[in-house]
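run.cif follows (mmCIF, C-alpha atoms):
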data_coords
loop_
_atom_site.label_atom_id
_atom_site.label_comp_id
_atom_site.auth_asym_id
_atom_site.auth_seq_id
_atom_site.Cartn_x
_atom_site.Cartn_y
_atom_site.Cartn_z
CA MET A 1159 -2.57 -19.93 8.97
CA PRO A 1160 -3.74 -21.49 5.68
CA VAL A 1161 -4.17 -19.36 2.57
CA ALA A 1162 -7.85 -18.86 1.67
CA LEU A 1163 -8.25 -19.07 -2.10
CA LYS A 1164 -11.20 -17.12 -3.50
CA SER A 1165 -13.87 -18.23 -5.97
CA ALA A 1166 -14.82 -16.17 -9.01
CA ALA A 1167 -17.93 -14.94 -7.15
CA GLU A 1168 -15.85 -13.86 -4.15
CA ILE A 1169 -13.35 -12.05 -6.36
CA ASP A 1170 -16.28 -10.25 -7.95
CA ARG A 1171 -17.33 -8.97 -4.52
CA MET A 1172 -13.77 -7.88 -3.80
CA ARG A 1173 -13.77 -6.03 -7.12
CA ALA A 1174 -16.58 -3.82 -5.80
CA ALA A 1175 -14.56 -3.06 -2.65
CA GLY A 1176 -11.56 -2.26 -4.85
CA ALA A 1177 -13.64 0.15 -6.93
CA ALA A 1178 -14.63 1.94 -3.71
CA VAL A 1179 -10.94 2.28 -2.81
CA ALA A 1180 -10.25 3.77 -6.24
CA ALA A 1181 -13.08 6.28 -5.75
CA CYS A 1182 -11.47 7.35 -2.48
CA HIS A 1183 -8.17 8.00 -4.24
CA ASP A 1184 -10.07 10.01 -6.86
CA ALA A 1185 -11.27 12.20 -3.99
CA VAL A 1186 -7.68 12.69 -2.82
CA ARG A 1187 -6.40 13.67 -6.26
CA ALA A 1188 -9.29 16.10 -6.72
CA ILE A 1189 -8.14 18.34 -3.85
CA LEU A 1190 -4.43 17.55 -3.52
CA LYS A 1191 -2.44 20.81 -3.70
CA PRO A 1192 -0.17 22.95 -1.53
CA GLY A 1193 -2.00 24.25 1.53
CA VAL A 1194 -4.40 21.32 1.89
CA THR A 1195 -4.16 19.60 5.26
CA THR A 1196 -3.87 15.87 5.67
CA ARG A 1197 -7.03 15.96 7.78
CA GLU A 1198 -8.91 17.51 4.86
CA LEU A 1199 -7.73 14.62 2.69
CA ASP A 1200 -8.92 12.16 5.32
CA ASP A 1201 -12.32 13.88 5.44
CA ALA A 1202 -12.60 13.71 1.63
CA VAL A 1203 -11.86 9.98 1.67
CA TRP A 1204 -14.40 9.36 4.43
CA LYS A 1205 -17.06 11.20 2.40
CA ALA A 1206 -16.26 9.22 -0.77
CA MET A 1207 -16.27 5.97 1.19
CA ARG A 1208 -19.69 6.61 2.72
CA LYS A 1209 -21.07 7.55 -0.69
CA ARG A 1210 -20.08 4.09 -1.92
CA GLY A 1211 -21.59 2.40 1.13
CA GLY A 1212 -18.22 1.32 2.46
CA SER A 1213 -16.67 1.43 5.92
CA PRO A 1214 -13.02 2.09 6.84
CA LEU A 1215 -10.66 -0.77 7.56
CA PHE A 1216 -8.16 1.37 9.45
CA LEU A 1217 -10.31 3.41 11.84
CA GLY A 1218 -10.07 1.81 15.29
CA PHE A 1219 -7.60 -0.87 14.13
CA PRO A 1220 -5.80 -2.28 17.19
CA ASN A 1221 -2.24 -1.16 17.81
CA PRO A 1222 0.34 -3.97 17.49
CA ASP A 1223 1.64 -2.83 20.87
CA PRO A 1224 -0.96 -3.82 23.49
CA ASP A 1225 -0.23 -0.56 25.33
CA GLY A 1226 -0.73 1.59 22.23
CA PRO A 1227 -3.90 3.37 21.04
CA PRO A 1228 -6.02 2.11 18.15
CA PHE A 1229 -5.61 3.87 14.82
CA PRO A 1230 -7.59 7.13 15.02
CA ALA A 1231 -8.33 7.97 11.38
CA VAL A 1232 -9.92 6.68 8.17
CA THR A 1233 -6.74 6.86 6.11
CA CYS A 1234 -3.03 6.45 6.72
CA ILE A 1235 -1.34 9.57 5.34
CA SER A 1236 2.46 9.65 5.44
CA VAL A 1237 4.48 12.70 4.34
CA GLY A 1238 8.15 12.95 3.37
CA GLU A 1239 10.25 10.68 5.59
CA GLU A 1240 7.12 8.93 6.89
CA VAL A 1241 6.79 5.52 5.24
CA VAL A 1242 3.41 4.18 6.39
CA HIS A 1243 0.75 4.54 9.11
CA GLY A 1244 0.93 8.34 9.32
CA ILE A 1245 -2.01 9.93 11.15
CA PRO A 1246 -3.93 12.76 9.41
CA SER A 1247 -3.68 16.11 11.18
CA GLU A 1248 -3.79 19.87 10.63
CA ARG A 1249 -0.44 19.65 8.82
CA ALA A 1250 -0.63 21.70 5.62
CA LEU A 1251 1.10 20.21 2.60
CA GLU A 1252 3.85 22.14 0.85
CA ALA A 1253 4.93 22.20 -2.78
CA GLY A 1254 7.43 19.42 -3.39
CA ASP A 1255 6.14 17.16 -0.62
CA LEU A 1256 5.75 13.45 -1.26
CA ILE A 1257 2.59 12.09 0.35
CA SER A 1258 1.57 8.44 0.62
CA VAL A 1259 -2.15 7.85 1.06
CA ASP A 1260 -3.28 4.37 2.13
CA VAL A 1261 -7.00 3.55 1.94
CA GLY A 1262 -8.75 0.40 3.12
CA VAL A 1263 -12.47 -0.21 2.55
CA ARG A 1264 -14.87 -2.91 3.66
CA LEU A 1265 -17.91 -3.24 1.39
CA ASN A 1266 -20.57 -5.92 1.85
CA GLY A 1267 -18.18 -7.96 3.96
CA TRP A 1268 -15.19 -7.84 1.58
CA CYS A 1269 -12.02 -5.75 1.65
CA GLY A 1270 -9.98 -3.60 -0.69
CA ASP A 1271 -6.68 -1.91 0.16
CA SER A 1272 -4.40 0.38 -1.82
CA GLY A 1273 -1.71 2.92 -1.01
CA TRP A 1274 -0.18 5.38 -3.46
CA THR A 1275 2.49 8.06 -3.28
CA TYR A 1276 1.64 11.41 -4.82
CA ALA A 1277 3.77 14.49 -5.40
CA VAL A 1278 2.37 17.80 -4.20
CA GLY A 1279 3.20 20.05 -7.12
CA GLU A 1280 6.46 19.25 -8.89
CA PRO A 1281 8.78 16.76 -7.15
CA SER A 1282 12.54 17.10 -7.13
CA ALA A 1283 14.45 15.06 -9.69
CA GLU A 1284 15.55 12.56 -7.03
CA HIS A 1285 12.05 12.22 -5.59
CA ALA A 1286 10.66 11.70 -9.10
CA ARG A 1287 13.22 8.95 -9.64
CA LEU A 1288 12.25 7.33 -6.31
CA MET A 1289 8.58 7.41 -7.29
CA ASP A 1290 9.36 5.92 -10.70
CA CYS A 1291 11.29 3.08 -9.06
CA GLY A 1292 8.44 2.39 -6.64
CA ARG A 1293 5.86 2.24 -9.41
CA GLU A 1294 8.10 0.05 -11.55
CA SER A 1295 8.67 -2.30 -8.61
CA LEU A 1296 4.92 -2.80 -8.23
CA ALA A 1297 4.46 -3.14 -12.00
CA PHE A 1298 7.22 -5.77 -12.13
CA ALA A 1299 5.53 -7.80 -9.40
CA LEU A 1300 2.20 -7.71 -11.20
CA ARG A 1301 3.76 -8.65 -14.55
CA GLU A 1302 5.57 -11.63 -13.04
CA LEU A 1303 2.72 -12.87 -10.85
CA PRO A 1304 1.14 -15.08 -13.58
CA ARG A 1305 4.56 -16.30 -14.78
CA ALA A 1306 6.28 -17.31 -11.54
CA GLU A 1307 5.60 -20.42 -9.51
CA ARG A 1308 6.58 -19.11 -6.06
CA TRP A 1309 6.50 -15.62 -4.53
CA SER A 1310 10.25 -15.76 -3.76
CA GLU A 1311 10.89 -15.64 -7.52
CA ILE A 1312 9.39 -12.12 -7.44
CA ALA A 1313 10.47 -10.94 -3.99
CA GLY A 1314 14.19 -11.35 -4.66
CA PRO A 1315 14.21 -9.29 -7.88
CA LEU A 1316 12.05 -6.62 -6.19
CA ALA A 1317 14.89 -5.87 -3.79
CA GLU A 1318 17.38 -5.96 -6.66
CA ILE A 1319 15.41 -3.34 -8.63
CA ALA A 1320 15.59 -0.94 -5.70
CA ALA A 1321 19.25 -1.65 -4.97
CA ALA A 1322 20.24 -1.12 -8.60
CA ALA A 1323 18.68 2.36 -8.43
CA GLY A 1324 20.41 3.13 -5.13
CA PHE A 1325 17.27 2.91 -2.99
CA GLY A 1326 16.42 0.90 0.11
CA VAL A 1327 13.62 -1.63 0.68
CA VAL A 1328 11.78 -1.54 4.01
CA LYS A 1329 11.86 -5.03 5.51
CA GLU A 1330 9.87 -4.51 8.70
CA PHE A 1331 6.57 -4.28 6.79
CA SER A 1332 5.20 -6.33 3.92
CA GLY A 1333 2.17 -7.00 1.81
CA HIS A 1334 -0.46 -9.54 2.79
CA GLY A 1335 -3.38 -11.61 1.72
CA LEU A 1336 -6.84 -10.16 2.19
CA GLY A 1337 -10.48 -11.00 1.60
CA ARG A 1338 -13.08 -10.89 4.35
CA THR A 1339 -10.46 -9.37 6.65
CA MET A 1340 -7.67 -6.92 5.90
CA HIS A 1341 -4.80 -9.16 6.97
CA GLU A 1342 -4.95 -12.78 5.84
CA ALA A 1343 -2.26 -15.29 4.97
CA PRO A 1344 0.12 -15.19 3.24
CA GLU A 1345 2.72 -12.60 4.19
CA VAL A 1346 4.00 -10.95 0.99
CA PRO A 1347 7.53 -9.53 1.58
CA ASN A 1348 9.33 -7.28 -0.89
CA TYR A 1349 12.66 -9.09 -0.55
CA ALA A 1350 13.92 -12.66 -0.22
CA ASP A 1351 16.10 -14.03 2.58
CA ASP A 1352 17.46 -17.33 3.84
CA HIS A 1353 14.24 -17.98 5.77
CA ARG A 1354 11.96 -18.16 2.74
CA GLY A 1355 10.75 -21.54 3.89
CA ASP A 1356 8.88 -19.66 6.62
CA TRP A 1357 7.01 -17.33 4.26
CA ASP A 1358 7.24 -18.47 0.64
CA PHE A 1359 4.06 -19.64 -1.08
CA ASP A 1360 2.77 -21.04 -4.37
CA LEU A 1361 1.26 -18.63 -6.90
CA VAL A 1362 -2.03 -20.28 -7.81
CA PRO A 1363 -5.41 -19.05 -9.10
CA GLY A 1364 -7.67 -17.77 -6.33
CA LEU A 1365 -4.98 -15.81 -4.50
CA THR A 1366 -5.98 -12.28 -3.51
CA LEU A 1367 -3.04 -10.20 -2.35
CA ALA A 1368 -2.12 -6.69 -1.35
CA ILE A 1369 1.29 -6.19 -2.95
CA GLU A 1370 3.02 -3.07 -1.61
CA PRO A 1371 6.67 -2.19 -2.18
CA MET A 1372 7.99 0.45 0.26
CA LEU A 1373 11.19 2.14 -0.89
CA THR A 1374 13.43 4.65 0.84
CA GLU A 1375 15.66 7.35 -0.58
CA ALA A 1376 18.70 6.05 1.31
CA SER A 1377 18.81 3.85 4.41
CA PRO A 1378 15.95 1.33 4.73
CA ASN A 1379 16.05 1.50 8.53
CA VAL A 1380 12.80 2.72 10.07
CA SER A 1381 11.28 3.36 13.50
CA ILE A 1382 7.79 3.76 14.93
CA SER A 1383 6.99 7.12 16.51
CA ASP A 1384 7.19 7.28 20.30
CA ASP A 1385 4.63 10.10 20.19
CA ASP A 1386 1.68 8.53 18.38
CA TRP A 1387 2.67 4.81 18.46
CA TRP A 1388 1.82 4.48 14.75
CA THR A 1389 3.81 6.58 12.29
CA VAL A 1390 6.72 4.70 10.70
CA SER A 1391 9.55 6.97 9.50
CA THR A 1392 13.02 6.53 8.06
CA ASP A 1393 15.76 6.82 10.66
CA ASP A 1394 17.91 9.06 8.43
CA GLY A 1395 15.10 11.43 7.44
CA GLY A 1396 15.20 10.41 3.80
CA ALA A 1397 12.00 10.34 1.76
CA ALA A 1398 9.97 7.17 1.26
CA VAL A 1399 7.37 5.92 -1.20
CA HIS A 1400 4.65 3.30 -0.92
CA PHE A 1401 2.76 1.79 -3.88
CA GLU A 1402 0.11 -0.85 -3.26
CA HIS A 1403 -2.64 -2.59 -5.20
CA THR A 1404 -5.06 -5.33 -4.25
CA VAL A 1405 -4.85 -7.98 -6.97
CA ALA A 1406 -6.37 -11.35 -7.79
CA LEU A 1407 -4.54 -14.17 -9.56
CA THR A 1408 -6.99 -16.01 -11.81
CA GLU A 1409 -6.84 -18.61 -14.57
CA ARG A 1410 -6.74 -15.68 -17.03
CA GLY A 1411 -3.85 -13.90 -15.31
CA VAL A 1412 -3.62 -11.07 -12.81
CA GLU A 1413 -6.43 -8.59 -12.21
CA ILE A 1414 -5.87 -5.31 -10.37
CA LEU A 1415 -8.94 -5.07 -8.14
CA THR A 1416 -8.06 -1.51 -7.09
CA ALA A 1417 -7.44 -0.33 -10.67
CA GLY A 1418 -7.90 3.41 -11.04
CA VAL A 1419 -5.71 4.28 -8.05
CA GLY A 1420 -2.93 6.64 -9.08
CA GLU A 1421 -1.29 6.43 -12.50
CA PRO A 1422 -1.94 3.31 -14.61
CA LEU A 1423 0.88 0.76 -14.45
CA SER A 1424 2.47 -0.80 -17.51
CA ILE A 1425 1.97 -4.50 -16.89
#
Spit out the file's structure as structure tokens when you get a sec.
Amino acid sequence: MPVALKSAAEIDRMRAAGAAVAACHDAVRAILKPGVTTRELDDAVWKAMRKRGGSPLFLGFPNPDPDGPPFPAVTCISVGEEVVHGIPSERALEAGDLISVDVGVRLNGWCGDSGWTYAVGEPSAEHARLMDCGRESLAFALRELPRAERWSEIAGPLAEIAAAAGFGVVKEFSGHGLGRTMHEAPEVPNYADDHRGDWDFDLVPGLTLAIEPMLTEASPNVSISDDDWWTVSTDDGGAAVHFEHTVALTERGVEILTAGVGEPLSI
């Protein structure tokens, strides 16, 4: 599938979708505390999304397994050992939990997508270190995006950053291009391998990407739930983090289209 480069006018429309995503994360942060259920967070996002005139990218999304159910919620909310694609429920959050909230919005035909890991109350020292490494991984990718020529020049060091800190990088899931649809070419992995000829791509103005490192506390091995067909969790029960921004590469550099999600990054 060819990569669809975006014009300045199209990036402007995606900027509006990204702002709607940021507003949804504002709604999460406004009520995030021990005792709140993940369904209440999902409801808050849905309300913020409708207020902006947006519609959810995830609700009803087809399951990769043809026998599996479509995604049943507005947001993906993953707690603790859950990496991505967690389904909101009546689960009440506890102090010390790590929670990853992934929000996708379609607004006037264009998409924005951003996931962020939040601590409920005060995280443990190790969880704080894992979060710091995840944020720094994303910040590194965004800093290097205007400087590198090929994505592999960023993907390889991303894995090295995690390994140097003693953390794992999930390889089964990656970032992606997006624009009028949530998943467009190219695939944007968070590591490099010997098959880079199958996925590597040039970093040129007009690219719009969802870059999303997923790090694990220990083993990077993950599995999809047999119960709900969606939730991806670490096999060893270790915690995971997920940090994602939608960005545009322009002649002026990199622009974070979902700026305002989570803590500002130093790029």
Take the PyMOL selection byres ((chain A and resi 1363) around 7), apply it to the structure above, and return the hits as a PDB file with C-alpha atoms, in the frame of the given file.
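For reference, part_3.pdb as written:
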ATOM      1  CA  VAL A1362      -2.030 -20.280  -7.810  1.00  0.00           C
ATOM      2  CA  GLY A1364      -7.670 -17.770  -6.330  1.00  0.00           C
ATOM      3  CA  LEU A1365      -4.980 -15.810  -4.500  1.00  0.00           C
ATOM      4  CA  LEU A1407      -4.540 -14.170  -9.560  1.00  0.00           C
ATOM      5  CA  THR A1408      -6.990 -16.010 -11.810  1.00  0.00           C
ATOM      6  CA  GLU A1409      -6.840 -18.610 -14.570  1.00  0.00           C
TER       7      GLU A1409
END
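A straight line drawn from atom CA of A:Thr1275 to atom CA of A:Pro1228 is 23.8 Å long.
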Open item on the list: If I take atom CA of A:Ile1382 and atom CA of A:Val1232, how far is one from the other in Å, to one decimal?
Closed with: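 A separation of 19.2 Å between them.
Distance annotation: of A:Arg1308, A:Trp1388, A:Ala1368, A:Glu1342, the residue with the minimal separation from A:Ala1231 is A:Trp1388; atom set is only C-alpha atoms.
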- [ ] Choose the residue, out of A:Ser1310, A:Ser1383, A:Ser1213, A:Ser1258, that has the smallest atom-to-atom separation from A:Trp1357; count all atoms listed in the file.
- [x]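 Selected residue with least distance to A:Trp1357: A:Ser1310.
From atom CA of A:Glu1302 back to atom CA of A:Pro1422, the distance works out to 16.8 Å.
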Within 8 Å of stretch 1316-1333 of chain A, counting all atoms listed in the file, which residues show up once you throw out same-chain ones fewer than 5 positions away? Write them as a PDB file with C-alpha atoms, in the coordinates of the input, please.
ATOM      1  CA  LEU A1288      12.250   7.330  -6.310  1.00  0.00           C
ATOM      2  CA  CYS A1291      11.290   3.080  -9.060  1.00  0.00           C
ATOM      3  CA  GLY A1292       8.440   2.390  -6.640  1.00  0.00           C
ATOM      4  CA  SER A1295       8.670  -2.300  -8.610  1.00  0.00           C
ATOM      5  CA  PHE A1298       7.220  -5.770 -12.130  1.00  0.00           C
ATOM      6  CA  ALA A1299       5.530  -7.800  -9.400  1.00  0.00           C
ATOM      7  CA  GLU A1345       2.720 -12.600   4.190  1.00  0.00           C
ATOM      8  CA  VAL A1346       4.000 -10.950   0.990  1.00  0.00           C
ATOM      9  CA  PRO A1347       7.530  -9.530   1.580  1.00  0.00           C
ATOM     10  CA  ASN A1348       9.330  -7.280  -0.890  1.00  0.00           C
ATOM     11  CA  TYR A1349      12.660  -9.090  -0.550  1.00  0.00           C
ATOM     12  CA  ALA A1350      13.920 -12.660  -0.220  1.00  0.00           C
ATOM     13  CA  LEU A1367      -3.040 -10.200  -2.350  1.00  0.00           C
ATOM     14  CA  ALA A1368      -2.120  -6.690  -1.350  1.00  0.00           C
ATOM     15  CA  ILE A1369       1.290  -6.190  -2.950  1.00  0.00           C
ATOM     16  CA  GLU A1370       3.020  -3.070  -1.610  1.00  0.00           C
ATOM     17  CA  PRO A1371       6.670  -2.190  -2.180  1.00  0.00           C
ATOM     18  CA  MET A1372       7.990   0.450   0.260  1.00  0.00           C
ATOM     19  CA  LEU A1373      11.190   2.140  -0.890  1.00  0.00           C
ATOM     20  CA  THR A1374      13.430   4.650   0.840  1.00  0.00           C
ATOM     21  CA  GLU A1375      15.660   7.350  -0.580  1.00  0.00           C
ATOM     22  CA  ALA A1376      18.700   6.050   1.310  1.00  0.00           C
ATOM     23  CA  SER A1377      18.810   3.850   4.410  1.00  0.00           C
ATOM     24  CA  PRO A1378      15.950   1.330   4.730  1.00  0.00           C
ATOM     25  CA  ASN A1379      16.050   1.500   8.530  1.00  0.00           C
ATOM     26  CA  VAL A1380      12.800   2.720  10.070  1.00  0.00           C
TER      27      VAL A1380
END
- [ ] Apply the PyMOL selection byres ((chain A and resi 1250) around 12) to the structure shown and report the selected residues as a list in words.
- [x] Leu1190, Lys1191, Pro1192, Gly1193, Val1194, Thr1195, Thr1196, Arg1197, Glu1198, Leu1199, Val1237, Pro1246, Ser1247, Glu1248, Arg1249, Leu1251, Glu1252, Ala1253, Asp1255, Ile1257 and Val1278 of chain A
- [ ] Compile the contact shell of stretch 1243-1245 of chain A as a ChimeraX atom specification: residues with an atom at most 6 Å away, counting all atoms listed in the file, same-chain residues fewer than 5 positions apart removed.
- [x] /A:1234-1236,1388-1389
Open item on the list: Counting all atoms listed in the file, which residue out of A:Val1242, A:Val1261, A:Met1159, A:Ala1286 sits closest to A:Val1179?
Closed with: A:Val1261
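Here the question is which of A:Ile1169, A:Met1340, A:Val1203, A:Ala1180 gets nearest to A:Gly1418 using all atoms listed in the file, and that residue is A:Ala1180.
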